[in-house]
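Since the structure comes first, as structure tokens, the remarks are kept for the end.
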Amino acid sequence: MAKQVFKRPEALKENTTHYCPGCGHGIIHRLIAEVIDELGIRDKTVGVPPAGCAVLAYNYIDVDMGEAPHGRAIAVATGIKRTRPDLVVFTYQGDGDIAAIGTAEAIHAASRGERLSVIFVNNGVYGMTGGQMAPTTLLGQTTTTTPGGRLPLRDGFPLDLSQMLAVAGGSVYIERTTVTSPKNIIRTKKAIKKAFQVQMDGLGFALVEILSQCPINWKLSPVAACRWVEEEVVKSYPLGVIKDAREKSN
């Protein structure tokens, strides 16, 4: 009798995806669901997605969800966690959300050491609303609002939010990964699991930034989009652990 080695996670709903072909969100949803299953926390986990491509995460991840206005996911998550500290609370946010209108919420939550797990998906554009320039858009990158490429004097420099949050005293674990290859997907899953474990251990603020491909808005094939992340995006946003203060927090 054949042994089953791969199946749909219990925490992942059986819905047809609405994401564009080659988008990284579907992979990340599955990884979160796998982590929730492996940690056995499905009955006490609450997710908070705000506006943007992340808004429909509740259609796929089978846990309780609390909606938030654009940029306010961490604020809503803070309220849930402080009211119910027994719950495991995570936010699922894009760069146009957490690194723009939600910057203040992220910085102050990290400073306070809120016991939250933040999943930050960085694809360098406002994916849902037409591919406009985001805070994380690379210099020279073409978007619908920077047809000639992002210029530093006109548009500013790309914002490295993870490095900013690493300076905050209450942040415990911050890592940047990607989902462009099987090896990187495995690393991303391990990072997500660490971020959840930091919260479960009551240590402080944890965030995983995931560089995700956006083929449609980048006007690239899925394969070329993955290659562009690995060859170009990582130059501005290097992969790896940015901060790990878990031992110090114990």
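Just so we're on the same page: first chain in the structure tokens is A, next is B, and so on; residues restart at 1 for each chain, and ligands are numbered from 1 in the order they show up.
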Show me a table, sorted first by chain and then by increasing residue number, of the residues of segment 61-174 of chain A having an atom at most 7 Å from segment 196-209 of chain A, each with its shortest atom pair and the distance in Å to one decimal, counting only C-alpha atoms and written as a tab-separated table.
```
residue	atom	partner	partner_atom	distance
A:Val88	CA	A:Met200	CA	6.9
A:Ala110	CA	A:Phe205	CA	5.5
A:Gly113	CA	A:Gly204	CA	4.6
A:Glu114	CA	A:Phe205	CA	5.2
A:Arg115	CA	A:Gly204	CA	4.6
A:Leu116	CA	A:Phe205	CA	5.4
A:Ser117	CA	A:Ala206	CA	5.0
A:Val118	CA	A:Leu207	CA	4.5
A:Ile119	CA	A:Val208	CA	5.2
A:Phe120	CA	A:Glu209	CA	4.6
A:Val121	CA	A:Glu209	CA	5.9
A:Asn122	CA	A:Glu209	CA	6.7
A:Gly170	CA	A:Gly204	CA	6.0
A:Ser171	CA	A:Phe205	CA	4.5
A:Val172	CA	A:Phe205	CA	5.5
A:Tyr173	CA	A:Ala206	CA	4.7
A:Ile174	CA	A:Leu207	CA	4.9
```
I need the strand (DSSP E) residues of segment 95-218 of chain A per DSSP on the backbone, written as a ChimeraX atom specification. /A:117-122,125-126,132-133,171-178,205-211
Check the smallest atom-to-atom distance from each of A:Glu14, A:Ile192, A:Gly66, A:Ser212 to Cys226 of chain A using only C-alpha atoms, then report the winner. A:Ser212
As a VMD selection string, please: the residues near Gly22 of chain A (cut-off 9 Å, only C-alpha atoms, same-chain neighbours under 5 positions excluded). chain A and resid 213 to 216 221 to 223 225 to 226
Using only N, CA and C atoms, please write the residues we just selected to a file, as a compact mmCIF listing (two decimals), in the first residue's frame.
```
# COMPACT_ATOMS: atom_id res chain seq x y z
N GLN A 213 7.35 37.21 -5.74
CA GLN A 213 7.27 37.60 -7.14
C GLN A 213 5.87 38.10 -7.49
N CYS A 214 5.82 39.06 -8.39
CA CYS A 214 4.55 39.62 -8.87
C CYS A 214 4.62 39.72 -10.39
N PRO A 215 4.54 38.59 -11.10
CA PRO A 215 4.77 38.57 -12.55
C PRO A 215 3.89 39.51 -13.36
N ILE A 216 2.61 39.61 -13.00
CA ILE A 216 1.69 40.42 -13.80
C ILE A 216 2.08 41.90 -13.77
N SER A 221 7.40 36.76 -17.00
CA SER A 221 6.88 35.40 -16.81
C SER A 221 7.15 34.97 -15.38
N PRO A 222 6.42 33.98 -14.86
CA PRO A 222 6.68 33.51 -13.50
C PRO A 222 8.14 33.09 -13.28
N VAL A 223 8.72 32.41 -14.26
CA VAL A 223 10.12 31.99 -14.12
C VAL A 223 11.05 33.19 -14.10
N ALA A 225 10.27 36.19 -13.23
CA ALA A 225 10.02 36.96 -12.00
C ALA A 225 10.81 36.37 -10.83
N CYS A 226 10.84 35.05 -10.73
CA CYS A 226 11.63 34.40 -9.68
C CYS A 226 13.11 34.73 -9.85
```
Closest of A:Met128, A:Leu12, A:Leu39, A:Ala104 to Gly52 of chain A, counting only C-alpha atoms, is A:Met128
Surrounding residues of Thr103 of chain A excluding itself and chain neighbours under 4 positions, 12 Å, only C-alpha atoms, as a PyMOL selection string: chain A and resi 70-75+93-99+107-110+120+135+159-162+164-165
Same residues, N, CA and C atoms, saved as an mmCIF file, in the first residue's frame:
```cif
data_model
loop_
_atom_site.group_PDB
_atom_site.id
_atom_site.type_symbol
_atom_site.label_atom_id
_atom_site.label_comp_id
_atom_site.auth_asym_id
_atom_site.auth_seq_id
_atom_site.Cartn_x
_atom_site.Cartn_y
_atom_site.Cartn_z
ATOM 1 N N HIS A 70 -6.845 49.515 6.012
ATOM 2 C CA HIS A 70 -5.532 49.565 5.370
ATOM 3 C C HIS A 70 -4.470 50.098 6.342
ATOM 4 N N GLY A 71 -3.426 49.310 6.579
ATOM 5 C CA GLY A 71 -2.316 49.722 7.430
ATOM 6 C C GLY A 71 -2.487 49.458 8.900
ATOM 7 N N ARG A 72 -3.676 49.027 9.320
ATOM 8 C CA ARG A 72 -3.941 48.927 10.760
ATOM 9 C C ARG A 72 -3.963 47.492 11.283
ATOM 10 N N ALA A 73 -3.449 46.553 10.524
ATOM 11 C CA ALA A 73 -3.501 45.151 10.952
ATOM 12 C C ALA A 73 -2.791 44.936 12.285
ATOM 13 N N ILE A 74 -1.627 45.539 12.452
ATOM 14 C CA ILE A 74 -0.879 45.339 13.697
ATOM 15 C C ILE A 74 -1.596 45.987 14.874
ATOM 16 N N ALA A 75 -2.280 47.104 14.636
ATOM 17 C CA ALA A 75 -3.045 47.741 15.707
ATOM 18 C C ALA A 75 -4.202 46.845 16.135
ATOM 19 N N GLN A 93 0.533 40.887 5.779
ATOM 20 C CA GLN A 93 0.509 42.218 5.185
ATOM 21 C C GLN A 93 1.463 42.353 4.005
ATOM 22 N N GLY A 94 1.062 43.150 3.023
ATOM 23 C CA GLY A 94 1.922 43.465 1.904
ATOM 24 C C GLY A 94 2.756 44.698 2.182
ATOM 25 N N ASP A 95 3.730 44.951 1.308
ATOM 26 C CA ASP A 95 4.624 46.102 1.509
ATOM 27 C C ASP A 95 3.893 47.422 1.333
ATOM 28 N N GLY A 96 2.886 47.467 0.452
ATOM 29 C CA GLY A 96 2.121 48.694 0.289
ATOM 30 C C GLY A 96 1.281 49.026 1.500
ATOM 31 N N ASP A 97 1.133 48.064 2.388
ATOM 32 C CA ASP A 97 0.367 48.236 3.614
ATOM 33 C C ASP A 97 1.285 48.516 4.804
ATOM 34 N N ILE A 98 2.112 47.555 5.148
ATOM 35 C CA ILE A 98 2.919 47.662 6.368
ATOM 36 C C ILE A 98 4.042 48.688 6.245
ATOM 37 N N ALA A 99 4.565 48.894 5.027
ATOM 38 C CA ALA A 99 5.690 49.806 4.864
ATOM 39 C C ALA A 99 5.274 51.198 4.422
ATOM 40 N N ILE A 107 6.402 50.056 13.684
ATOM 41 C CA ILE A 107 7.535 50.532 14.480
ATOM 42 C C ILE A 107 7.201 50.562 15.968
ATOM 43 N N HIS A 108 6.031 51.063 16.313
ATOM 44 C CA HIS A 108 5.698 51.183 17.732
ATOM 45 C C HIS A 108 5.364 49.831 18.357
ATOM 46 N N ALA A 109 4.772 48.923 17.586
ATOM 47 C CA ALA A 109 4.514 47.576 18.110
ATOM 48 C C ALA A 109 5.830 46.866 18.388
ATOM 49 N N ALA A 110 6.803 47.031 17.492
ATOM 50 C CA ALA A 110 8.118 46.428 17.707
ATOM 51 C C ALA A 110 8.810 47.068 18.902
ATOM 52 N N PHE A 120 5.196 39.585 6.455
ATOM 53 C CA PHE A 120 5.323 40.782 5.631
ATOM 54 C C PHE A 120 5.728 40.342 4.219
ATOM 55 N N PRO A 135 6.686 51.800 -1.167
ATOM 56 C CA PRO A 135 7.888 52.214 -0.450
ATOM 57 C C PRO A 135 9.081 51.310 -0.729
ATOM 58 N N LEU A 159 12.530 51.617 1.089
ATOM 59 C CA LEU A 159 12.463 51.556 2.550
ATOM 60 C C LEU A 159 12.736 50.132 3.020
ATOM 61 N N ASP A 160 13.771 49.977 3.837
ATOM 62 C CA ASP A 160 14.100 48.668 4.407
ATOM 63 C C ASP A 160 13.481 48.594 5.800
ATOM 64 N N LEU A 161 12.198 48.232 5.837
ATOM 65 C CA LEU A 161 11.457 48.234 7.096
ATOM 66 C C LEU A 161 12.005 47.217 8.087
ATOM 67 N N SER A 162 12.430 46.065 7.611
ATOM 68 C CA SER A 162 12.919 45.035 8.529
ATOM 69 C C SER A 162 14.155 45.511 9.286
ATOM 70 N N MET A 164 14.829 48.605 9.968
ATOM 71 C CA MET A 164 14.346 49.616 10.908
ATOM 72 C C MET A 164 13.773 48.968 12.156
ATOM 73 N N LEU A 165 12.986 47.899 11.966
ATOM 74 C CA LEU A 165 12.355 47.238 13.103
ATOM 75 C C LEU A 165 13.363 46.480 13.953
#
```
Nearest-residue call for Lys189 of chain A, choices A:Val5, A:Met133, A:Ala224, A:Ile210, using only C-alpha atoms: A:Ile210
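Residue nearest Gly169 of chain A, chosen from A:Glu38, A:Glu231, A:Asp244, A:Glu105 and counting only C-alpha atoms: A:Asp244.
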Find the residues around Pro238 of chain A up to 12 Å (only C-alpha atoms counted), leave out those fewer than 3 positions away in its own chain, and share them as a PyMOL selection string. chain A and resi 160+162-163+175-178+209-211+229-235+241-242
Output the selection as an mmCIF file, in the first residue's frame - C-alpha atoms for each residue.
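Now in selection_30.cif:
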```
data_model
loop_
_atom_site.group_PDB
_atom_site.id
_atom_site.type_symbol
_atom_site.label_atom_id
_atom_site.label_comp_id
_atom_site.auth_asym_id
_atom_site.auth_seq_id
_atom_site.Cartn_x
_atom_site.Cartn_y
_atom_site.Cartn_z
ATOM 1 C CA ASP A 160 14.100 48.668 4.407
ATOM 2 C CA SER A 162 12.919 45.035 8.529
ATOM 3 C CA GLN A 163 16.229 46.732 9.283
ATOM 4 C CA GLU A 175 14.294 37.319 9.085
ATOM 5 C CA ARG A 176 14.061 37.955 5.343
ATOM 6 C CA THR A 177 13.371 35.053 3.000
ATOM 7 C CA THR A 178 11.800 34.379 -0.390
ATOM 8 C CA GLU A 209 9.703 39.508 5.452
ATOM 9 C CA ILE A 210 9.117 37.363 2.360
ATOM 10 C CA LEU A 211 10.290 38.631 -1.027
ATOM 11 C CA VAL A 229 14.020 38.389 -7.221
ATOM 12 C CA GLU A 230 17.099 36.193 -6.883
ATOM 13 C CA GLU A 231 19.342 38.339 -9.062
ATOM 14 C CA GLU A 232 18.139 41.908 -8.489
ATOM 15 C CA VAL A 233 15.747 42.329 -5.544
ATOM 16 C CA VAL A 234 18.082 40.625 -3.074
ATOM 17 C CA LYS A 235 20.738 43.262 -3.826
ATOM 18 C CA VAL A 241 18.376 36.562 9.729
ATOM 19 C CA ILE A 242 18.399 40.279 10.528
#
```
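All residues within segment 180-225 of chain A that the backbone DSSP calculation assigns to alpha helix (DSSP H) are Pro182, Lys183, Asn184, Ile185, Ile186, Arg187, Thr188, Lys189, Lys190, Ala191, Ile192, Lys193, Lys194, Ala195, Phe196, Gln197, Val198, Gln199, Met200, Pro215, Ile216, Asn217, Trp218, Pro222, Val223, Ala224 and Ala225 of chain A.
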Write the selection just made, keeping N, CA and C atoms, as an mmCIF file, in the first residue's frame?
```
data_model
loop_
_atom_site.group_PDB
_atom_site.id
_atom_site.type_symbol
_atom_site.label_atom_id
_atom_site.label_comp_id
_atom_site.auth_asym_id
_atom_site.auth_seq_id
_atom_site.Cartn_x
_atom_site.Cartn_y
_atom_site.Cartn_z
ATOM 1 N N PRO A 182 12.503 25.748 -4.306
ATOM 2 C CA PRO A 182 12.212 24.805 -3.224
ATOM 3 C C PRO A 182 13.080 25.043 -1.984
ATOM 4 N N LYS A 183 14.363 25.320 -2.182
ATOM 5 C CA LYS A 183 15.256 25.573 -1.052
ATOM 6 C C LYS A 183 14.811 26.789 -0.260
ATOM 7 N N ASN A 184 14.458 27.861 -0.972
ATOM 8 C CA ASN A 184 14.034 29.081 -0.286
ATOM 9 C C ASN A 184 12.662 28.919 0.360
ATOM 10 N N ILE A 185 11.802 28.118 -0.242
ATOM 11 C CA ILE A 185 10.490 27.858 0.353
ATOM 12 C C ILE A 185 10.650 27.127 1.680
ATOM 13 N N ILE A 186 11.543 26.160 1.738
ATOM 14 C CA ILE A 186 11.811 25.434 2.986
ATOM 15 C C ILE A 186 12.332 26.387 4.060
ATOM 16 N N ARG A 187 13.228 27.285 3.665
ATOM 17 C CA ARG A 187 13.767 28.265 4.617
ATOM 18 C C ARG A 187 12.669 29.209 5.119
ATOM 19 N N THR A 188 11.773 29.578 4.218
ATOM 20 C CA THR A 188 10.681 30.470 4.609
ATOM 21 C C THR A 188 9.764 29.792 5.625
ATOM 22 N N LYS A 189 9.469 28.527 5.401
ATOM 23 C CA LYS A 189 8.622 27.812 6.352
ATOM 24 C C LYS A 189 9.273 27.760 7.734
ATOM 25 N N LYS A 190 10.563 27.499 7.782
ATOM 26 C CA LYS A 190 11.271 27.463 9.067
ATOM 27 C C LYS A 190 11.218 28.819 9.757
ATOM 28 N N ALA A 191 11.346 29.902 8.969
ATOM 29 C CA ALA A 191 11.291 31.248 9.535
ATOM 30 C C ALA A 191 9.911 31.558 10.100
ATOM 31 N N ILE A 192 8.855 31.182 9.359
ATOM 32 C CA ILE A 192 7.490 31.406 9.840
ATOM 33 C C ILE A 192 7.259 30.651 11.146
ATOM 34 N N LYS A 193 7.756 29.432 11.196
ATOM 35 C CA LYS A 193 7.583 28.621 12.403
ATOM 36 C C LYS A 193 8.293 29.257 13.593
ATOM 37 N N LYS A 194 9.477 29.811 13.368
ATOM 38 C CA LYS A 194 10.211 30.499 14.442
ATOM 39 C C LYS A 194 9.427 31.720 14.918
ATOM 40 N N ALA A 195 8.840 32.460 13.962
ATOM 41 C CA ALA A 195 8.088 33.662 14.329
ATOM 42 C C ALA A 195 6.881 33.318 15.194
ATOM 43 N N PHE A 196 6.214 32.216 14.891
ATOM 44 C CA PHE A 196 5.095 31.771 15.717
ATOM 45 C C PHE A 196 5.594 31.294 17.084
ATOM 46 N N GLN A 197 6.712 30.599 17.102
ATOM 47 C CA GLN A 197 7.237 30.070 18.348
ATOM 48 C C GLN A 197 7.684 31.182 19.289
ATOM 49 N N VAL A 198 8.247 32.251 18.729
ATOM 50 C CA VAL A 198 8.646 33.405 19.548
ATOM 51 C C VAL A 198 7.435 33.948 20.298
ATOM 52 N N GLN A 199 6.310 34.050 19.610
ATOM 53 C CA GLN A 199 5.090 34.523 20.264
ATOM 54 C C GLN A 199 4.602 33.528 21.312
ATOM 55 N N MET A 200 4.596 32.264 20.969
ATOM 56 C CA MET A 200 4.114 31.243 21.897
ATOM 57 C C MET A 200 4.981 31.169 23.152
ATOM 58 N N PRO A 215 4.543 38.591 -11.102
ATOM 59 C CA PRO A 215 4.773 38.565 -12.550
ATOM 60 C C PRO A 215 3.890 39.513 -13.358
ATOM 61 N N ILE A 216 2.607 39.610 -13.003
ATOM 62 C CA ILE A 216 1.686 40.424 -13.801
ATOM 63 C C ILE A 216 2.081 41.895 -13.773
ATOM 64 N N ASN A 217 2.278 42.433 -12.581
ATOM 65 C CA ASN A 217 2.627 43.848 -12.478
ATOM 66 C C ASN A 217 4.066 44.130 -12.900
ATOM 67 N N TRP A 218 4.931 43.149 -12.768
ATOM 68 C CA TRP A 218 6.308 43.323 -13.234
ATOM 69 C C TRP A 218 6.436 43.100 -14.736
ATOM 70 N N PRO A 222 6.416 33.984 -14.863
ATOM 71 C CA PRO A 222 6.681 33.507 -13.502
ATOM 72 C C PRO A 222 8.135 33.092 -13.281
ATOM 73 N N VAL A 223 8.719 32.414 -14.257
ATOM 74 C CA VAL A 223 10.122 31.985 -14.123
ATOM 75 C C VAL A 223 11.052 33.189 -14.099
ATOM 76 N N ALA A 224 10.827 34.146 -14.992
ATOM 77 C CA ALA A 224 11.660 35.344 -15.041
ATOM 78 C C ALA A 224 11.487 36.189 -13.781
ATOM 79 N N ALA A 225 10.272 36.194 -13.231
ATOM 80 C CA ALA A 225 10.022 36.958 -12.000
ATOM 81 C C ALA A 225 10.812 36.369 -10.835
#
```
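Atom pair atom CA of Leu87 of chain A / atom CA of Ile61 of chain A: separated by 16.1 Å.
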